[in-house]
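*Asks:* You'll find protein_15.cif just under this line, and it carries mmCIF, C-alpha atoms.
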data_upload
#
loop_
_atom_site.group_PDB
_atom_site.id
_atom_site.type_symbol
_atom_site.label_atom_id
_atom_site.label_comp_id
_atom_site.auth_asym_id
_atom_site.auth_seq_id
_atom_site.Cartn_x
_atom_site.Cartn_y
_atom_site.Cartn_z
ATOM 1 C CA MET K 3 69.335 80.146 27.309
ATOM 2 C CA PHE K 4 72.074 79.080 24.937
ATOM 3 C CA LYS K 5 71.708 82.218 22.786
ATOM 4 C CA TYR K 6 71.748 84.325 25.945
ATOM 5 C CA PHE K 7 74.885 82.545 27.150
ATOM 6 C CA LEU K 8 76.673 83.085 23.837
ATOM 7 C CA ASN K 9 75.745 86.775 23.786
ATOM 8 C CA LYS K 10 77.026 87.171 27.357
ATOM 9 C CA SER K 11 80.207 85.282 26.486
ATOM 10 C CA LYS K 12 81.005 87.755 23.707
ATOM 11 C CA THR K 13 80.715 90.740 26.043
ATOM 12 C CA SER K 14 80.970 90.677 29.828
ATOM 13 C CA LEU K 15 82.295 87.146 30.189
ATOM 14 C CA ALA K 16 85.661 88.122 28.775
ATOM 15 C CA ASN K 17 86.699 89.505 32.171
ATOM 16 C CA LYS K 18 84.747 87.141 34.409
ATOM 17 C CA GLU K 19 84.906 83.465 35.170
ATOM 18 C CA SER K 20 82.031 81.593 33.558
ATOM 19 C CA ILE K 21 80.539 78.530 35.226
ATOM 20 C CA PHE K 22 77.817 76.261 33.886
ATOM 21 C CA ILE K 23 76.057 74.253 36.609
ATOM 22 C CA HIS K 24 75.029 70.932 35.081
ATOM 23 C CA ILE K 25 72.164 69.178 36.881
ATOM 24 C CA PRO K 26 71.770 65.637 35.480
ATOM 25 C CA LYS K 27 68.836 65.047 33.132
ATOM 26 C CA CYS K 28 68.160 68.777 32.678
ATOM 27 C CA GLY K 29 69.612 69.295 29.202
ATOM 28 C CA GLY K 30 73.148 70.053 30.324
ATOM 29 C CA SER K 31 74.841 67.533 28.031
ATOM 30 C CA THR K 32 73.091 69.136 25.057
ATOM 31 C CA PHE K 33 74.126 72.572 26.334
ATOM 32 C CA VAL K 34 77.774 71.490 26.668
ATOM 33 C CA GLY K 35 77.641 69.909 23.193
ATOM 34 C CA LEU K 36 76.316 73.153 21.696
ATOM 35 C CA LEU K 37 79.009 75.095 23.533
ATOM 36 C CA MET K 38 81.655 72.735 22.108
ATOM 37 C CA ASP K 39 80.240 73.188 18.600
ATOM 38 C CA SER K 40 80.256 76.979 18.910
ATOM 39 C CA ILE K 41 83.766 77.295 20.394
ATOM 40 C CA LYS K 42 85.357 74.375 18.509
ATOM 41 C CA PRO K 43 88.157 73.747 21.013
ATOM 42 C CA GLN K 44 91.415 72.392 19.632
ATOM 43 C CA ASN K 45 93.278 69.360 20.981
ATOM 44 C CA PHE K 46 90.061 67.854 22.275
ATOM 45 C CA ASP K 47 89.199 64.156 22.217
ATOM 46 C CA PRO K 48 85.772 63.937 20.519
ATOM 47 C CA THR K 49 85.058 60.607 22.227
ATOM 48 C CA THR K 50 84.900 62.263 25.667
ATOM 49 C CA PRO K 51 81.255 62.241 26.842
ATOM 50 C CA THR K 52 79.839 65.700 27.552
ATOM 51 C CA HIS K 53 79.061 64.809 31.169
ATOM 52 C CA LYS K 54 82.798 64.337 31.763
ATOM 53 C CA ILE K 55 83.961 67.609 30.207
ATOM 54 C CA ASP K 56 85.162 70.027 32.890
ATOM 55 C CA LYS K 57 85.921 73.049 30.727
ATOM 56 C CA VAL K 58 84.988 74.425 27.319
ATOM 57 C CA GLY K 59 86.878 77.553 26.332
ATOM 58 C CA ASN K 60 86.673 79.864 29.350
ATOM 59 C CA THR K 61 83.649 78.098 30.812
ATOM 60 C CA LYS K 62 84.009 75.690 33.710
ATOM 61 C CA ILE K 63 81.423 72.907 33.793
ATOM 62 C CA MET K 64 80.345 71.912 37.300
ATOM 63 C CA HIS K 65 78.476 68.642 37.418
ATOM 64 C CA VAL K 66 78.477 65.231 39.091
ATOM 65 C CA ASP K 67 81.671 63.982 40.664
ATOM 66 C CA PHE K 68 81.846 60.633 38.894
ATOM 67 C CA ASN K 69 84.951 59.685 40.903
ATOM 68 C CA SER K 70 82.812 59.331 44.007
ATOM 69 C CA ILE K 71 80.342 56.566 44.843
ATOM 70 C CA GLU K 72 78.033 59.226 46.285
ATOM 71 C CA ARG K 73 77.926 61.105 42.958
ATOM 72 C CA LYS K 74 77.625 64.513 44.611
ATOM 73 C CA PHE K 75 77.699 67.909 42.915
ATOM 74 C CA LYS K 76 81.291 69.131 42.488
ATOM 75 C CA ALA K 77 80.553 72.659 43.724
ATOM 76 C CA PRO K 78 77.854 72.692 46.434
ATOM 77 C CA THR K 79 79.574 75.697 48.039
ATOM 78 C CA ILE K 80 77.867 77.821 45.361
ATOM 79 C CA PHE K 81 74.630 77.291 47.333
ATOM 80 C CA ASN K 82 76.172 77.776 50.785
ATOM 81 C CA SER K 83 75.840 81.451 51.733
ATOM 82 C CA ASN K 84 78.738 81.140 54.211
ATOM 83 C CA LYS K 85 81.139 79.873 51.547
ATOM 84 C CA ASN K 86 79.979 81.173 48.169
ATOM 85 C CA GLN K 87 81.705 84.573 48.123
ATOM 86 C CA GLU K 88 84.358 83.202 45.755
ATOM 87 C CA PHE K 89 81.630 83.009 43.084
ATOM 88 C CA ILE K 90 80.289 86.571 43.506
ATOM 89 C CA ASP K 91 82.234 87.860 40.472
ATOM 90 C CA SER K 92 81.524 84.809 38.301
ATOM 91 C CA GLN K 93 78.928 84.500 35.583
ATOM 92 C CA LEU K 94 76.883 81.452 36.602
ATOM 93 C CA PHE K 95 74.440 79.620 34.334
ATOM 94 C CA ILE K 96 72.089 76.762 35.125
ATOM 95 C CA LEU K 97 69.363 74.782 33.385
ATOM 96 C CA PHE K 98 66.408 73.438 35.321
ATOM 97 C CA ARG K 99 63.839 71.002 34.015
ATOM 98 C CA ASP K 100 60.217 70.459 34.886
ATOM 99 C CA PRO K 101 60.482 67.984 37.819
ATOM 100 C CA VAL K 102 58.035 65.523 36.251
ATOM 101 C CA GLU K 103 59.839 65.528 32.887
ATOM 102 C CA ARG K 104 63.190 65.222 34.654
ATOM 103 C CA ILE K 105 62.203 62.199 36.753
ATOM 104 C CA VAL K 106 60.648 60.450 33.751
ATOM 105 C CA SER K 107 63.873 61.020 31.804
ATOM 106 C CA GLU K 108 65.921 59.797 34.764
ATOM 107 C CA PHE K 109 63.836 56.639 35.144
ATOM 108 C CA ASN K 110 64.095 55.815 31.427
ATOM 109 C CA PHE K 111 67.840 56.461 31.489
ATOM 110 C CA GLN K 112 68.434 54.397 34.636
ATOM 111 C CA TYR K 113 66.025 51.584 33.783
ATOM 112 C CA HIS K 114 66.497 51.172 30.029
ATOM 113 C CA ILE K 115 69.696 52.846 28.814
ATOM 114 C CA LEU K 116 71.876 51.894 31.825
ATOM 115 C CA ASN K 117 70.106 48.518 31.996
ATOM 116 C CA GLY K 118 68.950 48.955 35.598
ATOM 117 C CA LYS K 119 65.987 46.710 34.838
ATOM 118 C CA ASN K 120 68.478 43.820 34.822
ATOM 119 C CA GLY K 121 70.390 45.003 37.888
ATOM 120 C CA ASP K 122 73.324 46.688 36.120
ATOM 121 C CA GLN K 123 75.293 48.681 38.712
ATOM 122 C CA LYS K 124 75.897 51.487 36.185
ATOM 123 C CA ALA K 125 72.331 52.510 37.015
ATOM 124 C CA ALA K 126 73.681 54.015 40.229
ATOM 125 C CA LEU K 127 70.456 55.457 41.613
ATOM 126 C CA LEU K 128 68.345 52.445 40.713
ATOM 127 C CA SER K 129 70.865 50.127 42.345
ATOM 128 C CA LYS K 130 70.542 52.066 45.637
ATOM 129 C CA LEU K 131 66.832 51.332 45.964
ATOM 130 C CA LYS K 132 65.805 48.477 48.269
ATOM 131 C CA ARG K 133 63.567 46.904 45.667
ATOM 132 C CA ARG K 134 63.907 47.540 41.951
ATOM 133 C CA PRO K 135 60.890 49.416 40.570
ATOM 134 C CA ASN K 136 59.447 48.194 37.287
ATOM 135 C CA SER K 137 57.544 51.340 36.352
ATOM 136 C CA ILE K 138 57.760 55.097 36.702
ATOM 137 C CA GLU K 139 54.820 54.921 39.130
ATOM 138 C CA GLU K 140 56.854 52.677 41.444
ATOM 139 C CA TYR K 141 60.039 54.723 40.936
ATOM 140 C CA ILE K 142 58.533 58.027 42.089
ATOM 141 C CA GLU K 143 57.407 56.505 45.388
ATOM 142 C CA TYR K 144 61.000 56.268 46.647
ATOM 143 C CA LYS K 145 62.276 59.207 48.704
ATOM 144 C CA GLU K 146 65.647 58.657 47.032
ATOM 145 C CA THR K 147 64.220 59.808 43.689
ATOM 146 C CA GLN K 148 62.273 62.855 44.892
ATOM 147 C CA ASN K 149 63.435 66.498 44.606
ATOM 148 C CA TYR K 150 66.668 65.503 42.882
ATOM 149 C CA GLN K 151 67.490 68.977 41.499
ATOM 150 C CA THR K 152 67.426 70.576 44.939
ATOM 151 C CA LYS K 153 69.240 67.702 46.659
ATOM 152 C CA PHE K 154 71.940 67.790 43.986
ATOM 153 C CA LEU K 155 72.580 71.531 44.282
ATOM 154 C CA LEU K 156 72.796 71.260 48.068
ATOM 155 C CA GLY K 157 75.492 68.577 47.731
ATOM 156 C CA LYS K 158 73.430 65.645 48.967
ATOM 157 C CA PRO K 159 74.641 62.184 47.932
ATOM 158 C CA LEU K 160 72.900 60.212 45.212
ATOM 159 C CA GLY K 161 69.909 58.434 46.705
ATOM 160 C CA HIS K 162 69.567 60.807 49.667
ATOM 161 C CA THR K 163 66.500 59.658 51.630
ATOM 162 C CA LYS K 164 65.640 62.716 53.703
ATOM 163 C CA ASN K 165 62.940 65.106 52.547
ATOM 164 C CA ILE K 166 63.788 68.573 51.343
ATOM 165 C CA SER K 167 62.577 71.383 53.583
ATOM 166 C CA THR K 168 61.110 74.761 52.720
ATOM 167 C CA ASN K 169 64.372 76.287 53.961
ATOM 168 C CA ASP K 170 66.335 74.126 51.503
ATOM 169 C CA PHE K 171 64.264 75.478 48.607
ATOM 170 C CA LYS K 172 64.666 79.042 49.928
ATOM 171 C CA LYS K 173 68.434 78.546 50.137
ATOM 172 C CA ILE K 174 68.568 77.722 46.422
ATOM 173 C CA ILE K 175 66.249 80.581 45.434
ATOM 174 C CA ASN K 176 68.095 83.123 47.597
ATOM 175 C CA THR K 177 71.450 82.073 46.162
ATOM 176 C CA ILE K 178 70.133 82.508 42.620
ATOM 177 C CA GLY K 179 69.202 86.077 43.513
ATOM 178 C CA VAL K 180 72.382 86.970 45.379
ATOM 179 C CA LEU K 181 75.111 85.715 43.042
ATOM 180 C CA PRO K 182 73.166 86.087 40.439
ATOM 181 C CA ILE K 183 72.760 82.838 38.583
ATOM 182 C CA HIS K 184 71.293 83.053 35.067
ATOM 183 C CA CYS K 185 68.601 80.376 34.898
ATOM 184 C CA GLY K 186 67.108 78.615 31.927
ATOM 185 C CA ILE K 187 64.387 76.021 31.641
ATOM 186 C CA THR K 188 64.951 73.023 29.383
ATOM 187 C CA ASN K 189 61.618 73.238 27.560
ATOM 188 C CA GLN K 190 62.403 76.889 26.707
ATOM 189 C CA TYR K 191 65.892 76.022 25.465
ATOM 190 C CA SER K 192 65.923 78.209 22.369
ATOM 191 C CA ASN K 193 64.248 81.262 23.941
ATOM 192 C CA TYR K 194 66.058 84.442 25.058
#
Can I see the file as structure tokens?

*Replies:*
Amino acid sequence: MFKYFLNKSKTSLANKESIFIHIPKCGGSTFVGLLMDSIKPQNFDPTTPTHKIDKVGNTKIMHVDFNSIERKFKAPTIFNSNKNQEFIDSQLFILFRDPVERIVSEFNFQYHILNGKNGDQKAALLSKLKRRPNSIEEYIEYKETQNYQTKFLLGKPLGHTKNISTNDFKKIINTIGVLPIHCGITNQYSNY
């Protein structure tokens, strides 16, 4: 995906807006880091975490709105067919991750790295659950943790409890075909 993105950026992206859609725990921080390394932007603070970078070169990075308690996606209009016409001429890129690998990564990040196991509020999703899970098996039982990638793209708040419908999945798939959005899969990162 990254090689494909760089090849596109050298040709057709010169005249089009480029947007990378960053779904948490899907390899987006690595992607943004690689983009930074390849473009080598000047006047950039190297201590800024990749999940807080909004632009690299001519590429906008659309990810979590960390200024909001709900931690919604900054650009859910991309997946709203009534409002996404502004993106029709953009080059859009996204990385998905196997849902099982993604939720395991999320649990480890929330529980261990953000110290959710001890109730640290930085573990935003874990802190929204009624009872703190102590294992991945307990974590996946919560509706708040299920189908995160789809909920995120649709602009649902962090910890959204309602199930995702077949129409919700179709909305994402149809949008990918209409705009078009160039999709990559994390475990095939270096392919293309």

*Asks:* Would you translate the PyMOL selection byres ((chain K and resi 58) around 9) into the concrete set of residues it matches in this file, as a list in words?

*Replies:*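 Output of the PyMOL selection byres ((chain K and resi 58) around 9): Val34, Leu37, Met38, Ile41, Lys42, Pro43, Ile55, Asp56, Lys57, Gly59, Asn60, Thr61, Lys62 and Ile63 of chain K.
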
*Asks:* Could you check how far CA of Ser40 in chain K sits from CA of Ser20 in chain K, in Å to one decimal?

*Replies:*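 Atom-to-atom, CA of Ser40 in chain K and CA of Ser20 in chain K are spaced 15.5 Å apart.
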
*Asks:* Since I can't run it myself right now, could you work out what the PyMOL selection byres ((chain K and resi 90) around 10) selects here and report it as a ChimeraX atom specification?

*Replies:* /K:80,86-89,91-94,180-183

*Asks:* Output the residue selection produced by the PyMOL selection byres ((chain K and resi 124) around 12) on the file above, formatted as a list in words.

*Replies:*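 Checking the PyMOL selection byres ((chain K and resi 124) around 12) against this file, the residues are Phe68, Ile71, Arg73, Phe111, Gln112, Tyr113, His114, Ile115, Leu116, Asn117, Gly118, Lys119, Asn120, Gly121, Asp122, Gln123, Ala125, Ala126, Leu127, Leu128, Ser129 and Lys130 of chain K.
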
*Asks:* I'd like to know which of K:Ile96, K:Ile175, K:Leu160, K:Val106 is closest to Glu72 in chain K, using all atoms listed in the file.

*Replies:* K:Leu160

*Asks:* Counting all atoms listed in the file, which of K:Asn176, K:Thr188, K:Asn149, K:Thr32 gets nearest to Lys164 in chain K?

*Replies:*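 Closest to Lys164 in chain K, using all atoms listed in the file: K:Asn149.
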
*Asks:* Which residues, written as a short mmCIF file (atom, residue, chain, number, x, y, z; two decimals) with C-alpha atoms, in the coordinates of the input, have at least one atom at most 6 Å from Lys74 in chain K, with all atoms listed in the file counted and residues fewer than 2 positions away on the same chain left out?

*Replies:*
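As a result, around14.cif now contains:
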data_model
loop_
_atom_site.label_atom_id
_atom_site.label_comp_id
_atom_site.auth_asym_id
_atom_site.auth_seq_id
_atom_site.Cartn_x
_atom_site.Cartn_y
_atom_site.Cartn_z
CA VAL K 66 78.48 65.23 39.09
CA ASP K 67 81.67 63.98 40.66
CA GLU K 72 78.03 59.23 46.28
CA GLY K 157 75.49 68.58 47.73
CA PRO K 159 74.64 62.18 47.93
#

*Asks:* Work out how far apart CA of Lys145 in chain K and CA of Ala77 in chain K are and give it in Å to one decimal.

*Replies:*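 Going from CA of Lys145 in chain K over to CA of Ala77 in chain K, I get 23.2 Å.
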
*Asks:* Expressed in Å to a single decimal, how great is the separation between CA of Ile105 in chain K and CA of Asn169 in chain K?

*Replies:*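 Computed distance, CA of Ile105 in chain K to CA of Asn169 in chain K, equals 22.3 Å.
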
*Asks:* Select, from K:Thr163, K:Phe98, K:Asp47, K:Ile21, the residue with the minimum atom-to-atom distance to Cys185 in chain K, counting all atoms listed in the file.

*Replies:* K:Phe98

*Asks:* Atoms are missing here; could range 31-42 of chain K be completed with all heavy atoms and written as an mmCIF file, keeping the file's coordinate frame?

*Replies:*
data_model
loop_
_atom_site.group_PDB
_atom_site.id
_atom_site.type_symbol
_atom_site.label_atom_id
_atom_site.label_comp_id
_atom_site.auth_asym_id
_atom_site.auth_seq_id
_atom_site.Cartn_x
_atom_site.Cartn_y
_atom_site.Cartn_z
ATOM 1 N N SER K 31 73.955 68.165 29.017
ATOM 2 C CA SER K 31 74.841 67.533 28.031
ATOM 3 C C SER K 31 74.630 68.158 26.657
ATOM 4 O O SER K 31 75.594 68.400 25.920
ATOM 5 C CB SER K 31 74.601 66.028 27.970
ATOM 6 O OG SER K 31 75.046 65.415 29.160
ATOM 7 N N THR K 32 73.385 68.455 26.320
ATOM 8 C CA THR K 32 73.091 69.136 25.057
ATOM 9 C C THR K 32 73.701 70.530 25.067
ATOM 10 O O THR K 32 74.314 70.957 24.087
ATOM 11 C CB THR K 32 71.563 69.215 24.830
ATOM 12 O OG1 THR K 32 71.047 67.891 24.798
ATOM 13 C CG2 THR K 32 71.230 69.944 23.538
ATOM 14 N N PHE K 33 73.565 71.226 26.194
ATOM 15 C CA PHE K 33 74.126 72.572 26.334
ATOM 16 C C PHE K 33 75.642 72.536 26.138
ATOM 17 O O PHE K 33 76.201 73.340 25.381
ATOM 18 C CB PHE K 33 73.770 73.144 27.705
ATOM 19 C CG PHE K 33 74.169 74.576 27.893
ATOM 20 C CD1 PHE K 33 73.312 75.593 27.529
ATOM 21 C CD2 PHE K 33 75.395 74.912 28.433
ATOM 22 C CE1 PHE K 33 73.662 76.925 27.706
ATOM 23 C CE2 PHE K 33 75.760 76.235 28.610
ATOM 24 C CZ PHE K 33 74.889 77.246 28.246
ATOM 25 N N VAL K 34 76.317 71.604 26.791
ATOM 26 C CA VAL K 34 77.774 71.490 26.668
ATOM 27 C C VAL K 34 78.147 71.137 25.224
ATOM 28 O O VAL K 34 79.105 71.685 24.676
ATOM 29 C CB VAL K 34 78.341 70.457 27.669
ATOM 30 C CG1 VAL K 34 79.825 70.192 27.418
ATOM 31 C CG2 VAL K 34 78.146 70.943 29.109
ATOM 32 N N GLY K 35 77.386 70.251 24.593
ATOM 33 C CA GLY K 35 77.641 69.909 23.193
ATOM 34 C C GLY K 35 77.514 71.121 22.277
ATOM 35 O O GLY K 35 78.353 71.327 21.384
ATOM 36 N N LEU K 36 76.489 71.931 22.490
ATOM 37 C CA LEU K 36 76.316 73.153 21.696
ATOM 38 C C LEU K 36 77.459 74.135 21.946
ATOM 39 O O LEU K 36 77.944 74.789 21.011
ATOM 40 C CB LEU K 36 74.975 73.815 22.025
ATOM 41 C CG LEU K 36 73.731 73.081 21.538
ATOM 42 C CD1 LEU K 36 72.474 73.700 22.154
ATOM 43 C CD2 LEU K 36 73.648 73.090 20.024
ATOM 44 N N LEU K 37 77.889 74.223 23.191
ATOM 45 C CA LEU K 37 79.009 75.095 23.533
ATOM 46 C C LEU K 37 80.278 74.621 22.814
ATOM 47 O O LEU K 37 81.025 75.423 22.258
ATOM 48 C CB LEU K 37 79.205 75.105 25.052
ATOM 49 C CG LEU K 37 80.186 76.100 25.629
ATOM 50 C CD1 LEU K 37 79.826 77.523 25.252
ATOM 51 C CD2 LEU K 37 80.222 75.957 27.154
ATOM 52 N N MET K 38 80.497 73.308 22.807
ATOM 53 C CA MET K 38 81.655 72.735 22.108
ATOM 54 C C MET K 38 81.586 73.062 20.609
ATOM 55 O O MET K 38 82.588 73.454 20.016
ATOM 56 C CB MET K 38 81.700 71.213 22.287
ATOM 57 C CG MET K 38 81.860 70.740 23.701
ATOM 58 S SD MET K 38 83.539 70.752 24.256
ATOM 59 C CE MET K 38 84.290 69.631 23.129
ATOM 60 N N ASP K 39 80.406 72.905 20.029
ATOM 61 C CA ASP K 39 80.240 73.188 18.600
ATOM 62 C C ASP K 39 80.500 74.662 18.282
ATOM 63 O O ASP K 39 81.042 74.985 17.223
ATOM 64 C CB ASP K 39 78.831 72.814 18.131
ATOM 65 C CG ASP K 39 78.613 71.310 18.063
ATOM 66 O OD1 ASP K 39 79.599 70.543 18.118
ATOM 67 O OD2 ASP K 39 77.439 70.898 17.971
ATOM 68 N N SER K 40 80.098 75.549 19.184
ATOM 69 C CA SER K 40 80.256 76.979 18.910
ATOM 70 C C SER K 40 81.689 77.454 19.139
ATOM 71 O O SER K 40 82.156 78.345 18.442
ATOM 72 C CB SER K 40 79.288 77.791 19.762
ATOM 73 O OG SER K 40 79.658 77.746 21.110
ATOM 74 N N ILE K 41 82.397 76.862 20.082
ATOM 75 C CA ILE K 41 83.766 77.295 20.394
ATOM 76 C C ILE K 41 84.793 76.511 19.582
ATOM 77 O O ILE K 41 85.856 77.019 19.264
ATOM 78 C CB ILE K 41 84.029 77.176 21.912
ATOM 79 C CG1 ILE K 41 83.161 78.200 22.644
ATOM 80 C CG2 ILE K 41 85.494 77.367 22.244
ATOM 81 C CD1 ILE K 41 83.256 78.163 24.133
ATOM 82 N N LYS K 42 84.469 75.254 19.262
ATOM 83 C CA LYS K 42 85.357 74.375 18.509
ATOM 84 C C LYS K 42 86.756 74.315 19.122
ATOM 85 O O LYS K 42 87.741 74.725 18.500
ATOM 86 C CB LYS K 42 85.430 74.795 17.049
ATOM 87 C CG LYS K 42 84.086 74.725 16.342
ATOM 88 C CD LYS K 42 84.191 75.095 14.897
ATOM 89 C CE LYS K 42 82.902 75.147 14.150
ATOM 90 N NZ LYS K 42 81.651 74.922 14.741
#
